[in-house]
>>> print(open('model_3.cif').read())   # mmCIF, C-alpha atoms and all ligand atoms
data_work
#
loop_
_atom_site.group_PDB
_atom_site.id
_atom_site.type_symbol
_atom_site.label_atom_id
_atom_site.label_comp_id
_atom_site.auth_asym_id
_atom_site.auth_seq_id
_atom_site.Cartn_x
_atom_site.Cartn_y
_atom_site.Cartn_z
ATOM 1 C CA MET K 17 -11.221 -2.171 -13.938
ATOM 2 C CA THR K 18 -9.673 -4.338 -11.255
ATOM 3 C CA GLU K 19 -7.025 -6.593 -12.621
ATOM 4 C CA GLN K 20 -6.894 -10.124 -11.206
ATOM 5 C CA THR K 21 -3.379 -11.233 -10.300
ATOM 6 C CA PRO K 22 -2.801 -14.815 -11.515
ATOM 7 C CA PRO K 23 -0.894 -17.459 -9.455
ATOM 8 C CA LEU K 24 2.796 -16.462 -9.226
ATOM 9 C CA ASP K 25 6.057 -18.389 -8.766
ATOM 10 C CA LYS K 26 8.606 -17.428 -6.094
ATOM 11 C CA TYR K 27 9.977 -14.701 -8.391
ATOM 12 C CA GLY K 28 6.563 -13.074 -8.769
ATOM 13 C CA ARG K 29 6.127 -14.380 -12.344
ATOM 14 C CA SER K 30 2.914 -15.724 -13.818
ATOM 15 C CA ALA K 31 2.709 -18.751 -16.128
ATOM 16 C CA ALA K 32 2.632 -16.266 -19.031
ATOM 17 C CA GLY K 33 6.014 -14.889 -17.903
ATOM 18 C CA LEU K 34 4.645 -11.563 -16.639
ATOM 19 C CA THR K 35 6.056 -10.133 -13.419
ATOM 20 C CA TYR K 36 3.721 -8.882 -10.672
ATOM 21 C CA PRO K 37 3.165 -6.372 -9.186
ATOM 22 C CA LYS K 38 3.738 -4.365 -12.355
ATOM 23 C CA HIS K 39 5.944 -1.357 -11.771
ATOM 24 C CA PRO K 40 7.151 1.158 -14.348
ATOM 25 C CA THR K 41 10.531 0.273 -15.788
ATOM 26 C CA TRP K 42 11.508 3.885 -16.524
ATOM 27 C CA CYS K 43 14.796 5.324 -15.243
ATOM 28 C CA PRO K 44 14.794 7.474 -12.088
ATOM 29 C CA GLY K 45 13.826 11.053 -12.958
ATOM 30 C CA CYS K 46 12.202 10.132 -16.289
ATOM 31 C CA GLY K 47 9.504 12.570 -17.411
ATOM 32 C CA ASN K 48 7.264 9.643 -18.325
ATOM 33 C CA TYR K 49 6.349 9.194 -14.637
ATOM 34 C CA ALA K 50 4.823 12.673 -14.554
ATOM 35 C CA ILE K 51 3.046 12.222 -17.892
ATOM 36 C CA TRP K 52 1.685 8.895 -16.650
ATOM 37 C CA GLY K 53 0.265 10.652 -13.594
ATOM 38 C CA ALA K 54 -1.212 13.389 -15.773
ATOM 39 C CA ILE K 55 -2.852 10.825 -18.072
ATOM 40 C CA LYS K 56 -4.476 9.074 -15.125
ATOM 41 C CA ALA K 57 -5.687 12.372 -13.662
ATOM 42 C CA GLY K 58 -6.718 13.706 -17.062
ATOM 43 C CA LEU K 59 -8.746 10.625 -17.982
ATOM 44 C CA ALA K 60 -10.379 10.582 -14.547
ATOM 45 C CA GLY K 61 -11.647 14.075 -15.389
ATOM 46 C CA VAL K 62 -13.369 12.921 -18.579
ATOM 47 C CA ASN K 63 -17.102 12.429 -18.144
ATOM 48 C CA CYS K 64 -17.153 8.992 -19.736
ATOM 49 C CA PRO K 65 -17.167 5.397 -18.407
ATOM 50 C CA LYS K 66 -13.674 3.917 -18.241
ATOM 51 C CA GLU K 67 -14.585 1.106 -20.629
ATOM 52 C CA LYS K 68 -15.343 3.692 -23.326
ATOM 53 C CA ILE K 69 -11.749 4.927 -23.340
ATOM 54 C CA VAL K 70 -9.032 3.271 -25.457
ATOM 55 C CA ILE K 71 -5.325 4.087 -25.343
ATOM 56 C CA VAL K 72 -3.202 3.250 -28.384
ATOM 57 C CA TYR K 73 0.524 3.028 -27.608
ATOM 58 C CA ASP K 74 3.467 3.371 -29.953
ATOM 59 C CA VAL K 75 6.785 1.581 -29.389
ATOM 60 C CA GLY K 76 9.246 3.407 -27.158
ATOM 61 C CA CYS K 77 9.926 4.202 -23.508
ATOM 62 C CA SER K 78 6.665 6.183 -23.622
ATOM 63 C CA GLY K 79 4.735 3.284 -25.135
ATOM 64 C CA ASN K 80 5.935 0.952 -22.373
ATOM 65 C CA MET K 81 3.185 2.604 -20.364
ATOM 66 C CA ALA K 82 0.936 -0.026 -21.948
ATOM 67 C CA ASP K 83 2.134 -2.406 -19.228
ATOM 68 C CA PHE K 84 1.116 -0.158 -16.327
ATOM 69 C CA ASN K 85 -2.319 1.164 -17.322
ATOM 70 C CA SER K 86 -5.617 -0.585 -16.704
ATOM 71 C CA TYR K 87 -7.424 0.933 -19.695
ATOM 72 C CA TYR K 88 -8.375 -0.947 -22.818
ATOM 73 C CA GLY K 89 -5.522 -0.501 -25.235
ATOM 74 C CA LEU K 90 -3.463 -1.583 -28.187
ATOM 75 C CA HIS K 91 0.354 -1.623 -28.280
ATOM 76 C CA THR K 92 1.257 -1.095 -31.925
ATOM 77 C CA LEU K 93 4.431 -1.024 -34.031
ATOM 78 C CA HIS K 94 6.872 1.881 -33.974
ATOM 79 C CA GLY K 95 5.426 4.895 -35.785
ATOM 80 C CA ARG K 96 2.173 3.101 -36.496
ATOM 81 C CA ALA K 97 -0.074 4.044 -33.575
ATOM 82 C CA LEU K 98 -2.080 6.711 -35.383
ATOM 83 C CA PRO K 99 -3.774 4.673 -38.172
ATOM 84 C CA PRO K 100 -5.167 2.048 -35.749
ATOM 85 C CA ALA K 101 -6.301 4.866 -33.447
ATOM 86 C CA ALA K 102 -8.276 6.468 -36.288
ATOM 87 C CA ALA K 103 -9.619 3.041 -37.297
ATOM 88 C CA ILE K 104 -10.815 2.294 -33.742
ATOM 89 C CA LYS K 105 -12.691 5.596 -33.725
ATOM 90 C CA LEU K 106 -14.322 4.827 -37.097
ATOM 91 C CA ALA K 107 -15.271 1.312 -36.013
ATOM 92 C CA ASN K 108 -16.884 2.556 -32.810
ATOM 93 C CA HIS K 109 -17.227 6.314 -32.700
ATOM 94 C CA GLU K 110 -18.694 6.146 -29.191
ATOM 95 C CA LEU K 111 -15.173 5.524 -27.869
ATOM 96 C CA LYS K 112 -12.669 8.151 -26.761
ATOM 97 C CA VAL K 113 -9.238 7.417 -28.238
ATOM 98 C CA LEU K 114 -5.912 8.602 -26.821
ATOM 99 C CA VAL K 115 -2.541 7.951 -28.481
ATOM 100 C CA VAL K 116 0.639 7.703 -26.361
ATOM 101 C CA ILE K 117 3.639 8.100 -28.660
ATOM 102 C CA GLY K 118 7.245 9.354 -28.663
ATOM 103 C CA ASP K 119 8.644 12.132 -30.842
ATOM 104 C CA GLY K 120 10.518 9.545 -32.912
ATOM 105 C CA GLY K 121 7.377 7.528 -33.626
ATOM 106 C CA CYS K 122 5.071 10.505 -34.139
ATOM 107 C CA TYR K 123 7.293 12.848 -36.162
ATOM 108 C CA GLY K 124 9.760 10.346 -37.680
ATOM 109 C CA GLU K 125 8.494 6.882 -38.634
ATOM 110 C CA GLY K 126 4.856 7.958 -38.251
ATOM 111 C CA GLY K 127 5.280 11.461 -39.607
ATOM 112 C CA THR K 128 3.110 10.937 -42.668
ATOM 113 C CA HIS K 129 0.311 9.460 -40.569
ATOM 114 C CA PHE K 130 0.533 12.448 -38.239
ATOM 115 C CA ILE K 131 0.298 14.978 -41.055
ATOM 116 C CA ASN K 132 -2.468 13.301 -43.002
ATOM 117 C CA LEU K 133 -4.782 12.271 -40.166
ATOM 118 C CA MET K 134 -4.880 15.890 -39.025
ATOM 119 C CA ARG K 135 -6.279 16.925 -42.397
ATOM 120 C CA GLY K 136 -9.339 14.749 -41.845
ATOM 121 C CA ASN K 137 -9.935 16.041 -38.297
ATOM 122 C CA HIS K 138 -10.120 12.470 -37.002
ATOM 123 C CA ASP K 139 -11.499 12.594 -33.475
ATOM 124 C CA ILE K 140 -8.448 11.299 -31.591
ATOM 125 C CA THR K 141 -6.082 12.869 -29.043
ATOM 126 C CA ILE K 142 -2.346 12.639 -29.632
ATOM 127 C CA LEU K 143 0.013 12.908 -26.676
ATOM 128 C CA ALA K 144 3.533 13.115 -28.098
ATOM 129 C CA HIS K 145 6.161 12.527 -25.400
ATOM 130 C CA ASN K 146 8.801 14.809 -26.867
ATOM 131 C CA ASN K 147 12.151 14.043 -25.217
ATOM 132 C CA HIS K 148 14.097 15.029 -28.367
ATOM 133 C CA ARG K 149 15.645 11.557 -28.585
ATOM 134 C CA TYR K 150 15.003 7.970 -29.649
ATOM 135 C CA SER K 151 15.356 6.831 -26.058
ATOM 136 C CA LEU K 152 14.297 3.178 -25.992
ATOM 137 C CA THR K 153 17.033 2.460 -28.519
ATOM 138 C CA THR K 154 19.535 4.333 -26.307
ATOM 139 C CA GLY K 155 19.622 7.940 -27.365
ATOM 140 C CA GLN K 156 19.892 8.444 -31.112
ATOM 141 C CA MET K 157 18.820 11.797 -32.601
ATOM 142 C CA SER K 158 15.110 12.220 -33.300
ATOM 143 C CA PRO K 159 13.347 14.674 -35.641
ATOM 144 C CA THR K 160 13.122 17.259 -32.835
ATOM 145 C CA THR K 161 16.784 17.146 -31.737
ATOM 146 C CA ASP K 162 18.302 20.585 -32.235
ATOM 147 C CA LYS K 163 20.825 21.223 -35.009
ATOM 148 C CA GLY K 164 24.393 20.737 -33.822
ATOM 149 C CA VAL K 165 23.563 18.495 -30.843
ATOM 150 C CA LYS K 166 25.862 15.503 -30.446
ATOM 151 C CA THR K 167 24.093 12.217 -29.844
ATOM 152 C CA LYS K 168 25.071 8.585 -30.149
ATOM 153 C CA SER K 169 24.117 8.603 -33.843
ATOM 154 C CA THR K 170 25.453 12.100 -34.559
ATOM 155 C CA PRO K 171 28.962 12.237 -33.048
ATOM 156 C CA GLU K 172 29.745 15.402 -35.030
ATOM 157 C CA GLY K 173 26.393 17.033 -34.267
ATOM 158 C CA VAL K 174 22.963 16.924 -35.930
ATOM 159 C CA ILE K 175 23.032 18.381 -39.459
ATOM 160 C CA GLU K 176 19.277 18.795 -40.011
ATOM 161 C CA GLU K 177 17.064 21.618 -38.771
ATOM 162 C CA PRO K 178 14.576 20.359 -36.148
ATOM 163 C CA PHE K 179 10.995 19.337 -36.986
ATOM 164 C CA ASN K 180 8.500 21.890 -35.629
ATOM 165 C CA PRO K 181 5.485 19.847 -34.444
ATOM 166 C CA VAL K 182 3.310 22.782 -33.397
ATOM 167 C CA ALA K 183 3.803 24.673 -36.674
ATOM 168 C CA ILE K 184 3.197 21.478 -38.661
ATOM 169 C CA ALA K 185 -0.027 20.791 -36.753
ATOM 170 C CA LEU K 186 -1.263 24.341 -37.324
ATOM 171 C CA THR K 187 -0.436 24.116 -41.027
ATOM 172 C CA ASN K 188 -2.180 20.793 -41.480
ATOM 173 C CA HIS K 189 -5.508 21.815 -39.952
ATOM 174 C CA ALA K 190 -5.423 20.128 -36.521
ATOM 175 C CA SER K 191 -8.408 21.570 -34.686
ATOM 176 C CA MET K 192 -6.714 21.717 -31.281
ATOM 177 C CA VAL K 193 -2.975 22.345 -30.913
ATOM 178 C CA ALA K 194 -1.133 22.616 -27.585
ATOM 179 C CA ARG K 195 2.293 22.169 -26.057
ATOM 180 C CA GLU K 196 2.692 21.354 -22.375
ATOM 181 C CA PHE K 197 5.441 20.417 -19.924
ATOM 182 C CA ALA K 198 5.773 17.120 -18.050
ATOM 183 C CA GLY K 199 6.772 19.124 -14.957
ATOM 184 C CA ASP K 200 3.308 20.645 -14.537
ATOM 185 C CA ILE K 201 1.058 17.662 -13.910
ATOM 186 C CA PRO K 202 -2.185 19.553 -13.081
ATOM 187 C CA LYS K 203 -1.878 21.695 -16.229
ATOM 188 C CA LEU K 204 -1.056 18.710 -18.426
ATOM 189 C CA ALA K 205 -3.892 16.667 -16.895
ATOM 190 C CA ALA K 206 -6.366 19.483 -17.596
ATOM 191 C CA ARG K 207 -5.114 19.729 -21.184
ATOM 192 C CA ILE K 208 -5.528 15.981 -21.685
ATOM 193 C CA THR K 209 -9.124 16.205 -20.412
ATOM 194 C CA GLU K 210 -9.721 19.133 -22.760
ATOM 195 C CA GLY K 211 -8.208 17.213 -25.677
ATOM 196 C CA ILE K 212 -10.345 14.138 -25.052
ATOM 197 C CA ASN K 213 -13.477 16.291 -24.726
ATOM 198 C CA HIS K 214 -12.638 18.179 -27.928
ATOM 199 C CA THR K 215 -14.416 16.848 -31.018
ATOM 200 C CA GLY K 216 -11.732 16.454 -33.668
ATOM 201 C CA PHE K 217 -7.970 16.033 -33.912
ATOM 202 C CA SER K 218 -6.388 17.275 -30.687
ATOM 203 C CA PHE K 219 -2.631 17.361 -30.472
ATOM 204 C CA ILE K 220 -0.483 17.906 -27.374
ATOM 205 C CA ASP K 221 3.294 18.021 -27.751
ATOM 206 C CA VAL K 222 4.658 17.297 -24.257
ATOM 207 C CA LEU K 223 8.148 18.483 -23.322
ATOM 208 C CA GLN K 224 9.541 15.428 -21.552
ATOM 209 C CA PRO K 225 12.902 15.274 -19.771
ATOM 210 C CA CYS K 226 15.001 12.163 -20.466
ATOM 211 C CA PRO K 227 17.813 12.504 -17.910
ATOM 212 C CA VAL K 228 19.712 9.519 -19.323
ATOM 213 C CA PHE K 229 20.030 10.390 -23.020
ATOM 214 C CA ASN K 230 19.212 14.105 -22.969
ATOM 215 C CA PRO K 231 20.534 15.411 -19.641
ATOM 216 C CA ASN K 232 20.914 18.995 -20.914
ATOM 217 C CA GLN K 233 17.160 19.465 -21.328
ATOM 218 C CA SER K 234 16.383 18.802 -17.665
ATOM 219 C CA TYR K 235 13.372 19.925 -15.634
ATOM 220 C CA GLU K 236 15.428 22.955 -14.546
ATOM 221 C CA TRP K 237 16.460 23.762 -18.133
ATOM 222 C CA TYR K 238 12.858 23.677 -19.330
ATOM 223 C CA ARG K 239 11.671 25.881 -16.462
ATOM 224 C CA ALA K 240 14.288 28.476 -17.435
ATOM 225 C CA ASN K 241 13.476 28.316 -21.136
ATOM 226 C CA MET K 242 9.671 28.186 -21.261
ATOM 227 C CA ILE K 243 7.050 30.916 -21.393
ATOM 228 C CA LYS K 244 3.375 30.188 -20.754
ATOM 229 C CA LEU K 245 0.910 31.405 -23.375
ATOM 230 C CA ASP K 246 -2.196 33.201 -22.301
ATOM 231 C CA ASP K 247 -4.816 30.617 -23.297
ATOM 232 C CA GLU K 248 -7.631 33.011 -24.064
ATOM 233 C CA ARG K 249 -5.538 34.944 -26.560
ATOM 234 C CA HIS K 250 -5.117 31.862 -28.741
ATOM 235 C CA LEU K 251 -8.637 30.532 -28.819
ATOM 236 C CA ALA K 252 -9.488 32.645 -31.870
ATOM 237 C CA PRO K 253 -9.721 30.801 -35.195
ATOM 238 C CA ASP K 254 -7.155 33.242 -36.615
ATOM 239 C CA LYS K 255 -3.963 31.195 -36.815
ATOM 240 C CA THR K 256 -1.557 34.008 -37.498
ATOM 241 C CA LYS K 257 -0.739 34.620 -33.836
ATOM 242 C CA ALA K 258 -0.412 30.913 -33.124
ATOM 243 C CA TRP K 259 2.063 30.476 -35.989
ATOM 244 C CA GLU K 260 4.066 33.446 -34.784
ATOM 245 C CA TYR K 261 4.560 31.810 -31.379
ATOM 246 C CA ALA K 262 5.141 28.364 -32.882
ATOM 247 C CA MET K 263 7.982 29.725 -35.019
ATOM 248 C CA ARG K 264 9.732 31.716 -32.283
ATOM 249 C CA THR K 265 13.019 30.299 -31.110
ATOM 250 C CA ASP K 266 13.819 32.724 -28.276
ATOM 251 C CA LYS K 267 11.833 30.607 -25.790
ATOM 252 C CA LEU K 268 9.630 27.515 -25.812
ATOM 253 C CA TYR K 269 6.032 28.668 -25.648
ATOM 254 C CA ILE K 270 3.645 26.330 -23.844
ATOM 255 C CA GLY K 271 -0.116 26.271 -23.518
ATOM 256 C CA LEU K 272 -2.978 26.242 -26.000
ATOM 257 C CA PHE K 273 -1.898 27.554 -29.404
ATOM 258 C CA PHE K 274 -5.119 27.050 -31.310
ATOM 259 C CA LYS K 275 -8.583 25.554 -31.072
ATOM 260 C CA GLU K 276 -11.569 25.603 -33.400
ATOM 261 C CA GLY K 277 -14.844 23.747 -33.653
ATOM 262 C CA LYS K 278 -15.522 21.890 -36.911
ATOM 263 C CA PRO K 279 -17.012 18.499 -37.812
ATOM 264 C CA ALA K 280 -14.848 15.472 -37.150
ATOM 265 C CA TYR K 281 -14.164 12.866 -39.825
ATOM 266 C CA HIS K 282 -16.689 10.296 -38.553
ATOM 267 C CA GLN K 283 -19.403 12.949 -38.376
ATOM 268 C CA GLN K 284 -19.031 13.525 -42.123
ATOM 269 C CA VAL K 285 -19.371 9.877 -43.156
ATOM 270 C CA SER K 286 -23.041 9.302 -43.991
ATOM 271 C CA GLU K 287 -22.694 5.573 -43.309
ATOM 272 C CA LEU K 288 -21.934 6.327 -39.653
ATOM 273 C CA LYS K 289 -24.797 8.743 -38.994
ATOM 274 C CA GLU K 290 -27.279 6.149 -37.678
ATOM 275 C CA ASN K 291 -25.099 3.958 -35.501
ATOM 276 C CA THR K 292 -21.611 2.550 -35.036
ATOM 277 C CA LEU K 293 -20.072 -0.023 -37.339
ATOM 278 C CA VAL K 294 -19.496 -2.440 -34.453
ATOM 279 C CA SER K 295 -23.178 -2.399 -33.502
ATOM 280 C CA ARG K 296 -24.181 -3.942 -36.837
ATOM 281 C CA SER K 297 -24.655 -7.634 -37.366
ATOM 282 C CA ILE K 298 -22.339 -9.336 -39.828
ATOM 283 C CA ALA K 299 -24.272 -12.612 -39.653
ATOM 284 C CA ASN K 300 -25.944 -12.212 -43.057
ATOM 285 C CA ILE K 301 -23.021 -10.778 -44.959
ATOM 286 C CA ASP K 302 -21.772 -13.162 -47.610
ATOM 287 C CA ILE K 303 -18.137 -12.428 -48.491
ATOM 288 C CA SER K 304 -17.682 -15.487 -50.706
ATOM 289 C CA PRO K 305 -18.023 -13.424 -53.971
ATOM 290 C CA PHE K 306 -15.076 -11.294 -52.859
ATOM 291 C CA LEU K 307 -13.038 -14.300 -51.776
ATOM 292 C CA SER K 308 -13.666 -15.994 -55.120
ATOM 293 C CA GLU K 309 -11.678 -13.191 -56.792
ATOM 294 C CA PHE K 310 -8.534 -14.652 -55.178
ATOM 295 C CA GLU K 311 -9.123 -18.215 -56.308
HETATM 296 C C1 LIG R 401 9.947 0.896 -38.059
HETATM 297 C C2 LIG R 401 10.840 0.792 -36.872
HETATM 298 N N1 LIG R 401 11.960 1.539 -36.837
HETATM 299 C C3 LIG R 401 12.769 1.471 -35.773
HETATM 300 C C4 LIG R 401 12.475 0.651 -34.727
HETATM 301 C C5 LIG R 401 13.405 0.562 -33.535
HETATM 302 N N2 LIG R 401 12.926 1.420 -32.466
HETATM 303 C C6 LIG R 401 12.162 0.931 -31.469
HETATM 304 S S1 LIG R 401 11.819 2.082 -30.304
HETATM 305 C C7 LIG R 401 12.709 3.232 -31.156
HETATM 306 C C8 LIG R 401 12.898 4.618 -30.617
HETATM 307 C C9 LIG R 401 11.703 5.176 -29.962
HETATM 308 O O1 LIG R 401 11.868 6.577 -29.839
HETATM 309 P P1 LIG R 401 10.604 7.472 -29.619
HETATM 310 O O2 LIG R 401 9.537 7.110 -30.572
HETATM 311 O O3 LIG R 401 11.026 8.900 -29.596
HETATM 312 O O4 LIG R 401 10.101 7.028 -28.166
HETATM 313 P P2 LIG R 401 10.876 7.094 -26.757
HETATM 314 O O5 LIG R 401 11.580 5.795 -26.579
HETATM 315 O O6 LIG R 401 11.827 8.258 -26.798
HETATM 316 O O7 LIG R 401 9.750 7.293 -25.786
HETATM 317 C C10 LIG R 401 13.248 2.712 -32.333
HETATM 318 C C11 LIG R 401 14.098 3.473 -33.281
HETATM 319 C C12 LIG R 401 11.306 -0.108 -34.775
HETATM 320 N N3 LIG R 401 10.920 -0.876 -33.748
HETATM 321 N N4 LIG R 401 10.509 -0.028 -35.866
HETATM 322 S S1 LIG R 402 15.872 6.282 -21.372
HETATM 323 FE FE1 LIG R 402 15.024 8.334 -21.011
HETATM 324 S S2 LIG R 402 12.898 8.232 -21.756
HETATM 325 FE FE2 LIG R 402 13.632 6.140 -21.501
HETATM 326 S S3 LIG R 402 13.005 5.527 -19.427
HETATM 327 FE FE3 LIG R 402 15.093 6.286 -19.260
HETATM 328 S S4 LIG R 402 14.883 8.470 -18.778
HETATM 329 FE FE4 LIG R 402 12.899 7.760 -19.559
#
>>> encode(input="model_3.cif", output="structure tokens", more="lines below")
Ligand SMILES: Cc1ncc(C[n+]2csc(CCOP(=O)(O)OP(=O)(O)O)c2C)c(N)n1
Ligand code: SF4
Amino acid sequence: MTEQTPPLDKYGRSAAGLTYPKHPTWCPGCGNYAIWGAIKAGLAGVNCPKEKIVIVYDVGCSGNMADFNSYYGLHTLHGRALPPAAAIKLANHELKVLVVIGDGGCYGEGGTHFINLMRGNHDITILAHNNHRYSLTTGQMSPTTDKGVKTKSTPEGVIEEPFNPVAIALTNHASMVAREFAGDIPKLAARITEGINHTGFSFIDVLQPCPVFNPNQSYEWYRANMIKLDDERHLAPDKTKAWEYAMRTDKLYIGLFFKEGKPAYHQQVSELKENTLVSRSIANIDISPFLSEFE
């Protein structure tokens, strides 16, 4: 979709206060640039008209991508991107729905949504930008920050054990589970395409450098500490091997951990078998009996 630029003042601002042209506001070296590129490439690889794709953004540095994409989208509250994403899919199951969310929003504030939507195999794709920090709010610990790490909010080091997103996703029946690295754009783009094309809950935990608030986990650090999984070995519906690699702490394993075919949530709702909810007329629905209950 081509976006029309409105009349601008001498500072490049529109009457609505928006600045044009719109450039990313991320810090130099931020992993979000690479993930942004991978999303654009990955969605271009999906065999679906652009207007049938919706991106739901959480709040965070990652979610600020809402300002730079020309897809239909919804910028939600922190930790709350997943329920509207599932609702959009149920309202119009002809749409492809991608969620852009940080590790804080997905595994912290939105952790219960994450766990429970997986159980229903809702047909949405989750891209969790995992920089191991709450970065928009200047670098507090997040659920994935390693034990002992000193951050702004943990001056004596993190006390908790880290949240294990891949193991949690495997345990809670996600039908596609992967971890990828922001530093490999072609691989990440291909995984995003695969996730969107997969029918059911597809989850991609993306290792994302944040050079400002997590300088130790740099692009170089990740390259030295990652091992690529052999995709074919993990396509079997037997989860035992996937769990084994998800639980290992010697290295960070990346690639496809698990994938299985099973009906998605909307495919099991009889009401949705014929057509989409949005295609139905509401002209003759009388809601006054329901409203009268509140009088
Ligand atoms: C319910 C709620 N809690 C906290 C905040 C404040 N807040 C906004 S963004 C943010 C951190 C975002 O971290 P993350 O989700 O990891 O995304 P990142 O900025 O790292 O991409 C926080 C704590 C909020 N807006 N709403
Ligand atoms: S604070 Fe970190 S995550 Fe946020 S834009 Fe800067 S480098 Fe990226």
>>> residues_near_ligand(input="model_3.cif", ligand="ligand LIG 401 (chain R)", cutoff="7 Å", atoms="all atoms listed in the file", output="list in words")
Val75, Gly76, Cys77, Ser78, Gly79, Leu93, His94, Gly95, Ile117, Gly118, Asp119, Gly120, Gly121, Cys122, Glu125, His145, Asn146, Asn147, His148, Arg149, Tyr150, Ser151, Leu152, Thr153 and Ser158 of chain K
>>> residues_near_ligand(input="model_3.cif", ligand="ligand LIG 402 (chain R)", cutoff="6 Å", atoms="only C-alpha atoms and all ligand atoms", output="list in words")
Trp42, Cys43, Cys46, Cys77, Ser151, Leu152, Cys226, Pro227, Val228 and Phe229 of chain K
>>> closest_residue(input="model_3.cif", among="K:Pro40, K:Pro100, K:Gly199, K:Gly173", to="Ala82 (chain K)", atoms="only C-alpha atoms")
K:Pro40
>>> resolve_selection(input="model_3.cif", expression="the PyMOL selection byres (((chain K and resi 68) around 12) and not hetatm)", output="list in words")
Met17, Leu59, Val62, Asn63, Cys64, Pro65, Lys66, Glu67, Ile69, Val70, Ile71, Tyr87, Tyr88, Gly89, Ile104, Lys105, Asn108, His109, Glu110, Leu111, Lys112, Val113, Leu114 and Ile212 of chain K
>>> closest_residue(input="model_3.cif", among="K:Ala60, K:Met242, K:Ala97, K:Ile51", to="Lys203 (chain K)", atoms="all atoms listed in the file")
K:Ile51
>>> atom_distance(input="model_3.cif", atom1="CA of Asn137 (chain K)", atom2="CA of Ala102 (chain K)")
9.9 Å
>>> closest_residue(input="model_3.cif", among="K:Ala103, K:Ile55, K:Leu133, K:Ala190", to="Lys278 (chain K)", atoms="all atoms listed in the file")
K:Ala190
>>> closest_residue(input="model_3.cif", among="K:Ala206, K:Ala54, K:Ala144, K:Ala198", to="Tyr235 (chain K)", atoms="all atoms listed in the file")
K:Ala198
>>> atom_distance(input="model_3.cif", atom1="CA of Ala101 (chain K)", atom2="CA of Phe310 (chain K)")
29.3 Å
>>> residues_around(input="model_3.cif", residues="Ala31 (chain K)", least_positions_apart="6", cutoff="12 Å", atoms="all atoms listed in the file", output="VMD selection string")
chain K and resid 21 to 25
>>> axis_aligned_box(input="model_3.cif", around="region 228-231 of chain K", padding_each_side="3 Å", output="lines of an AutoDock Vina configuration file")
center_x = 19.9
center_y = 12.5
center_z = -21.2
size_x = 7.3
size_y = 11.9
size_z = 9.7
>>> resolve_selection(input="model_3.cif", expression="the PyMOL selection byres (((chain K and resi 162) around 10) and not hetatm)", output="PyMOL selection string")
chain K and resi 148+157-161+163-166+173-179
>>> build_atoms(input="model_3.cif", residues="region 90-101 of chain K", atoms="N, CA and C atoms", output="PDB file, in the coordinates of the input")
ATOM      1  N   LEU K  90      -4.121  -0.850 -27.105  1.00  0.00           N
ATOM      2  CA  LEU K  90      -3.463  -1.583 -28.187  1.00  0.00           C
ATOM      3  C   LEU K  90      -2.025  -1.079 -28.262  1.00  0.00           C
ATOM      4  N   HIS K  91      -1.056  -2.003 -28.167  1.00  0.00           N
ATOM      5  CA  HIS K  91       0.354  -1.623 -28.280  1.00  0.00           C
ATOM      6  C   HIS K  91       0.787  -1.939 -29.706  1.00  0.00           C
ATOM      7  N   THR K  92       1.062  -0.910 -30.479  1.00  0.00           N
ATOM      8  CA  THR K  92       1.257  -1.095 -31.925  1.00  0.00           C
ATOM      9  C   THR K  92       2.738  -1.169 -32.280  1.00  0.00           C
ATOM     10  N   LEU K  93       3.047  -1.057 -33.563  1.00  0.00           N
ATOM     11  CA  LEU K  93       4.431  -1.024 -34.031  1.00  0.00           C
ATOM     12  C   LEU K  93       4.969   0.407 -33.962  1.00  0.00           C
ATOM     13  N   HIS K  94       6.277   0.547 -34.093  1.00  0.00           N
ATOM     14  CA  HIS K  94       6.872   1.881 -33.974  1.00  0.00           C
ATOM     15  C   HIS K  94       6.432   2.779 -35.132  1.00  0.00           C
ATOM     16  N   GLY K  95       5.877   3.936 -34.785  1.00  0.00           N
ATOM     17  CA  GLY K  95       5.426   4.895 -35.785  1.00  0.00           C
ATOM     18  C   GLY K  95       4.060   4.597 -36.355  1.00  0.00           C
ATOM     19  N   ARG K  96       3.425   3.543 -35.868  1.00  0.00           N
ATOM     20  CA  ARG K  96       2.173   3.101 -36.496  1.00  0.00           C
ATOM     21  C   ARG K  96       0.969   3.210 -35.570  1.00  0.00           C
ATOM     22  N   ALA K  97       1.055   3.979 -34.522  1.00  0.00           N
ATOM     23  CA  ALA K  97      -0.074   4.044 -33.575  1.00  0.00           C
ATOM     24  C   ALA K  97      -1.256   4.832 -34.136  1.00  0.00           C
ATOM     25  N   LEU K  98      -0.983   5.820 -34.979  1.00  0.00           N
ATOM     26  CA  LEU K  98      -2.080   6.711 -35.383  1.00  0.00           C
ATOM     27  C   LEU K  98      -3.118   6.063 -36.299  1.00  0.00           C
ATOM     28  N   PRO K  99      -2.731   5.288 -37.325  1.00  0.00           N
ATOM     29  CA  PRO K  99      -3.774   4.673 -38.172  1.00  0.00           C
ATOM     30  C   PRO K  99      -4.724   3.750 -37.399  1.00  0.00           C
ATOM     31  N   PRO K 100      -4.208   2.850 -36.517  1.00  0.00           N
ATOM     32  CA  PRO K 100      -5.167   2.048 -35.749  1.00  0.00           C
ATOM     33  C   PRO K 100      -6.040   2.894 -34.833  1.00  0.00           C
ATOM     34  N   ALA K 101      -5.494   3.999 -34.316  1.00  0.00           N
ATOM     35  CA  ALA K 101      -6.301   4.866 -33.447  1.00  0.00           C
ATOM     36  C   ALA K 101      -7.479   5.442 -34.236  1.00  0.00           C
TER      37      ALA K 101
END
